[in-house]
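What's in input03.pdb: PDB, C-alpha atoms
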```
ATOM      1  CA  MET D  22     117.338  32.576  25.982  1.00  0.00           C
ATOM      2  CA  ARG D  23     118.665  34.042  29.229  1.00  0.00           C
ATOM      3  CA  LEU D  24     119.696  30.611  30.512  1.00  0.00           C
ATOM      4  CA  THR D  25     121.562  29.923  27.266  1.00  0.00           C
ATOM      5  CA  ALA D  26     123.485  33.199  27.589  1.00  0.00           C
ATOM      6  CA  THR D  27     124.379  32.389  31.189  1.00  0.00           C
ATOM      7  CA  VAL D  28     125.578  28.892  30.312  1.00  0.00           C
ATOM      8  CA  ALA D  29     127.626  30.267  27.402  1.00  0.00           C
ATOM      9  CA  THR D  30     129.216  32.907  29.643  1.00  0.00           C
ATOM     10  CA  VAL D  31     130.091  30.389  32.339  1.00  0.00           C
ATOM     11  CA  THR D  32     131.535  28.016  29.737  1.00  0.00           C
ATOM     12  CA  ILE D  33     133.733  30.755  28.277  1.00  0.00           C
ATOM     13  CA  LEU D  34     134.972  31.757  31.744  1.00  0.00           C
ATOM     14  CA  VAL D  35     135.808  28.161  32.644  1.00  0.00           C
ATOM     15  CA  VAL D  36     137.766  27.718  29.423  1.00  0.00           C
ATOM     16  CA  LEU D  37     139.631  30.998  29.920  1.00  0.00           C
ATOM     17  CA  PHE D  38     140.515  30.357  33.549  1.00  0.00           C
ATOM     18  CA  ALA D  39     141.362  26.692  33.118  1.00  0.00           C
ATOM     19  CA  GLY D  40     144.599  27.721  31.424  1.00  0.00           C
ATOM     20  CA  THR D  41     145.591  29.907  34.349  1.00  0.00           C
ATOM     21  CA  ALA D  42     145.404  27.129  36.915  1.00  0.00           C
ATOM     22  CA  SER D  43     149.141  26.545  36.750  1.00  0.00           C
ATOM     23  CA  ALA D  44     149.759  30.201  37.694  1.00  0.00           C
ATOM     24  CA  TRP D  45     147.662  29.731  40.799  1.00  0.00           C
ATOM     25  CA  GLU D  46     149.729  26.682  41.609  1.00  0.00           C
ATOM     26  CA  ALA D  47     153.032  28.636  41.672  1.00  0.00           C
ATOM     27  CA  GLU D  48     153.018  28.617  45.436  1.00  0.00           C
ATOM     28  CA  SER D  49     156.740  28.223  46.045  1.00  0.00           C
ATOM     29  CA  GLY D  50     159.764  29.865  44.528  1.00  0.00           C
ATOM     30  CA  ASN D  51     160.720  26.483  43.102  1.00  0.00           C
ATOM     31  CA  GLU D  52     157.474  26.253  41.177  1.00  0.00           C
ATOM     32  CA  LEU D  53     157.784  29.823  39.903  1.00  0.00           C
ATOM     33  CA  TYR D  54     161.408  29.274  38.906  1.00  0.00           C
ATOM     34  CA  GLU D  55     160.456  26.144  36.963  1.00  0.00           C
ATOM     35  CA  LEU D  56     157.869  28.167  35.043  1.00  0.00           C
ATOM     36  CA  LEU D  57     160.271  31.017  34.293  1.00  0.00           C
ATOM     37  CA  VAL D  58     163.120  28.820  32.986  1.00  0.00           C
ATOM     38  CA  SER D  59     160.872  26.408  31.108  1.00  0.00           C
ATOM     39  CA  LYS D  60     161.417  25.816  27.407  1.00  0.00           C
ATOM     40  CA  SER D  61     157.669  26.111  26.975  1.00  0.00           C
ATOM     41  CA  PRO D  62     156.615  29.640  25.982  1.00  0.00           C
ATOM     42  CA  TYR D  63     153.267  29.013  27.669  1.00  0.00           C
ATOM     43  CA  SER D  64     154.897  28.127  30.996  1.00  0.00           C
ATOM     44  CA  ARG D  65     157.130  31.205  30.851  1.00  0.00           C
ATOM     45  CA  PHE D  66     154.076  33.319  30.021  1.00  0.00           C
ATOM     46  CA  VAL D  67     152.282  31.906  33.068  1.00  0.00           C
ATOM     47  CA  GLY D  68     155.285  32.643  35.306  1.00  0.00           C
ATOM     48  CA  GLU D  69     155.572  36.168  33.940  1.00  0.00           C
ATOM     49  CA  GLY D  70     151.854  36.688  34.452  1.00  0.00           C
ATOM     50  CA  TYR D  71     152.259  35.564  38.043  1.00  0.00           C
ATOM     51  CA  ILE D  72     154.970  38.195  38.584  1.00  0.00           C
ATOM     52  CA  LEU D  73     152.754  40.924  37.133  1.00  0.00           C
ATOM     53  CA  GLY D  74     149.903  39.761  39.364  1.00  0.00           C
ATOM     54  CA  VAL D  75     152.123  39.938  42.449  1.00  0.00           C
ATOM     55  CA  MET D  76     153.242  43.430  41.461  1.00  0.00           C
ATOM     56  CA  ASP D  77     149.668  44.615  40.965  1.00  0.00           C
ATOM     57  CA  THR D  78     148.462  43.038  44.215  1.00  0.00           C
ATOM     58  CA  THR D  79     151.373  44.418  46.234  1.00  0.00           C
ATOM     59  CA  HIS D  80     150.903  47.896  44.792  1.00  0.00           C
ATOM     60  CA  SER D  81     147.171  47.831  45.568  1.00  0.00           C
ATOM     61  CA  LEU D  82     147.669  46.554  49.124  1.00  0.00           C
ATOM     62  CA  ASN D  83     150.325  49.185  49.790  1.00  0.00           C
ATOM     63  CA  ARG D  84     148.011  51.968  48.614  1.00  0.00           C
ATOM     64  CA  VAL D  85     144.936  50.772  50.487  1.00  0.00           C
ATOM     65  CA  TRP D  86     146.631  49.858  53.767  1.00  0.00           C
ATOM     66  CA  HIS D  87     149.450  52.449  53.573  1.00  0.00           C
ATOM     67  CA  LEU D  88     152.116  49.767  53.886  1.00  0.00           C
ATOM     68  CA  PRO D  89     155.788  50.557  53.349  1.00  0.00           C
ATOM     69  CA  VAL D  90     156.894  50.379  49.734  1.00  0.00           C
ATOM     70  CA  GLN D  91     159.139  47.380  49.087  1.00  0.00           C
ATOM     71  CA  TRP D  92     160.305  48.363  45.603  1.00  0.00           C
ATOM     72  CA  THR D  93     159.973  51.142  43.033  1.00  0.00           C
ATOM     73  CA  ILE D  94     160.063  50.334  39.339  1.00  0.00           C
ATOM     74  CA  PRO D  95     161.616  53.204  37.349  1.00  0.00           C
ATOM     75  CA  PRO D  96     159.518  54.350  34.366  1.00  0.00           C
ATOM     76  CA  LYS D  97     161.996  53.139  31.717  1.00  0.00           C
ATOM     77  CA  VAL D  98     162.283  49.593  33.070  1.00  0.00           C
ATOM     78  CA  THR D  99     160.703  47.035  30.744  1.00  0.00           C
ATOM     79  CA  LYS D 100     158.676  44.005  31.724  1.00  0.00           C
ATOM     80  CA  LYS D 101     161.462  41.843  30.329  1.00  0.00           C
ATOM     81  CA  GLN D 102     163.917  43.456  32.771  1.00  0.00           C
ATOM     82  CA  ILE D 103     161.499  42.800  35.626  1.00  0.00           C
ATOM     83  CA  PHE D 104     161.115  39.137  34.644  1.00  0.00           C
ATOM     84  CA  GLU D 105     164.897  38.770  34.317  1.00  0.00           C
ATOM     85  CA  ALA D 106     165.461  40.330  37.755  1.00  0.00           C
ATOM     86  CA  VAL D 107     163.103  37.837  39.403  1.00  0.00           C
ATOM     87  CA  THR D 108     164.500  34.880  37.457  1.00  0.00           C
ATOM     88  CA  GLN D 109     168.097  35.831  38.333  1.00  0.00           C
ATOM     89  CA  TYR D 110     167.208  36.268  42.007  1.00  0.00           C
ATOM     90  CA  LEU D 111     165.618  32.822  42.112  1.00  0.00           C
ATOM     91  CA  ALA D 112     168.609  31.303  40.288  1.00  0.00           C
ATOM     92  CA  LYS D 113     171.086  32.865  42.733  1.00  0.00           C
ATOM     93  CA  HIS D 114     169.119  31.928  45.859  1.00  0.00           C
ATOM     94  CA  PRO D 115     168.031  28.287  45.536  1.00  0.00           C
ATOM     95  CA  GLU D 116     168.088  27.965  49.334  1.00  0.00           C
ATOM     96  CA  GLU D 117     165.185  30.440  49.532  1.00  0.00           C
ATOM     97  CA  ARG D 118     163.018  28.907  46.813  1.00  0.00           C
ATOM     98  CA  ASN D 119     161.006  26.877  49.335  1.00  0.00           C
ATOM     99  CA  GLN D 120     159.432  30.178  50.463  1.00  0.00           C
ATOM    100  CA  THR D 121     156.213  31.402  48.903  1.00  0.00           C
ATOM    101  CA  ALA D 122     156.540  32.763  45.392  1.00  0.00           C
ATOM    102  CA  TYR D 123     154.743  35.969  46.416  1.00  0.00           C
ATOM    103  CA  VAL D 124     157.368  36.762  49.063  1.00  0.00           C
ATOM    104  CA  LEU D 125     160.264  35.942  46.742  1.00  0.00           C
ATOM    105  CA  VAL D 126     158.964  38.114  43.907  1.00  0.00           C
ATOM    106  CA  ASN D 127     158.799  41.055  46.296  1.00  0.00           C
ATOM    107  CA  LYS D 128     162.303  40.302  47.638  1.00  0.00           C
ATOM    108  CA  ALA D 129     163.706  40.088  44.113  1.00  0.00           C
ATOM    109  CA  LEU D 130     162.079  43.331  43.077  1.00  0.00           C
ATOM    110  CA  GLY D 131     163.285  45.021  46.266  1.00  0.00           C
ATOM    111  CA  ARG D 132     166.875  44.002  45.497  1.00  0.00           C
ATOM    112  CA  ALA D 133     166.719  44.971  41.832  1.00  0.00           C
ATOM    113  CA  PHE D 134     164.611  48.105  42.255  1.00  0.00           C
ATOM    114  CA  PRO D 135     164.986  49.415  45.819  1.00  0.00           C
ATOM    115  CA  PRO D 136     162.350  51.861  47.036  1.00  0.00           C
ATOM    116  CA  LYS D 137     162.974  55.562  46.694  1.00  0.00           C
ATOM    117  CA  LYS D 138     164.210  57.110  49.898  1.00  0.00           C
TER     118      LYS D 138
END
```

Let's see the structure in the file written out as structure tokens.
Amino acid sequence: MRLTATVATVTILVVLFAGTASAWEAESGNELYELLVSKSPYSRFVGEGYILGVMDTTHSLNRVWHLPVQWTIPPKVTKKQIFEAVTQYLAKHPEERNQTAYVLVNKALGRAFPPKK
């Protein structure tokens, strides 16, 4: 009984995380940009999820290690506005898209939503 529950849990986790593999593969700005401008709603969803993951990770690292804040999202800004800011930054800076997606998301957010002084 316990083995069956464990196997079922592992199977469910594998199925759930198999769909997120493409988000983990968005290593460069080019790959992230391709996801964000894709005609596929799933690909855009993956790209948007990547952006939210970068935001969460950056916020957590800044709090734990007391790093300087790179951006501040005002309370009334929507997720759609955040996604558009990153997509527009990547579109306007193709020469930078060979950099890591993590770095570029933070740059884009810093330009669109500079930190409070």

Q) Of the candidates D:Ala112, D:Met76, D:Pro96, D:Pro89, which shows the shortest atom-to-atom distance to Leu57 (chain D), using all atoms listed in the file? A)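 Comparing D:Ala112, D:Met76, D:Pro96, D:Pro89 against Leu57 (chain D), the winner is D:Ala112.
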
Q) Care to translate the PyMOL selection byres ((chain D and resi 63-73) around 9) into actual residues of this file, as a ChimeraX atom specification? A) /D:40-41,43-45,47,52-62,74-78,100-101,103-104,107,122-123,126

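The protein and nucleic acid residues lying at most 9 Å from Phe134 (chain D) are Gln91, Trp92, Thr93, Ile94, Pro95, Ala129, Leu130, Gly131, Arg132, Pro136 and Lys137 of chain D, with all atoms listed in the file considered and sequence neighbours fewer than 2 positions away removed.
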
Q: Could you jot down the CA of Lys138 (chain D) to CA of Gly50 (chain D) separation for me, Å, one decimal place?
A: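 Result for CA of Lys138 (chain D) versus CA of Gly50 (chain D): 28.1 Å, one decimal.
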
Q) Separation of CA of Asn83 (chain D) and CA of Tyr110 (chain D), in Å? A) 22.6 Å

Q.
One decimal, in Å: what's the spacing between CA of Leu125 (chain D) and CA of Thr108 (chain D)?
A. 10.3 Å

Q. Which residue, D:Thr99, D:His87, D:Glu48, D:Glu105, has the smallest gap to Thr121 (chain D) when you use all atoms listed in the file?
A.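 Closest to Thr121 (chain D) of all the choices is D:Glu48.
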
As JSON, what would the box around region 108-121 of chain D look like: edges along x, y and z, 6 Å added on every side, centre and edge lengths in Å to one decimal?
```
{"center_x": 163.6, "center_y": 31.6, "center_z": 44.0, "size_x": 26.9, "size_y": 21.4, "size_z": 25.0}
```
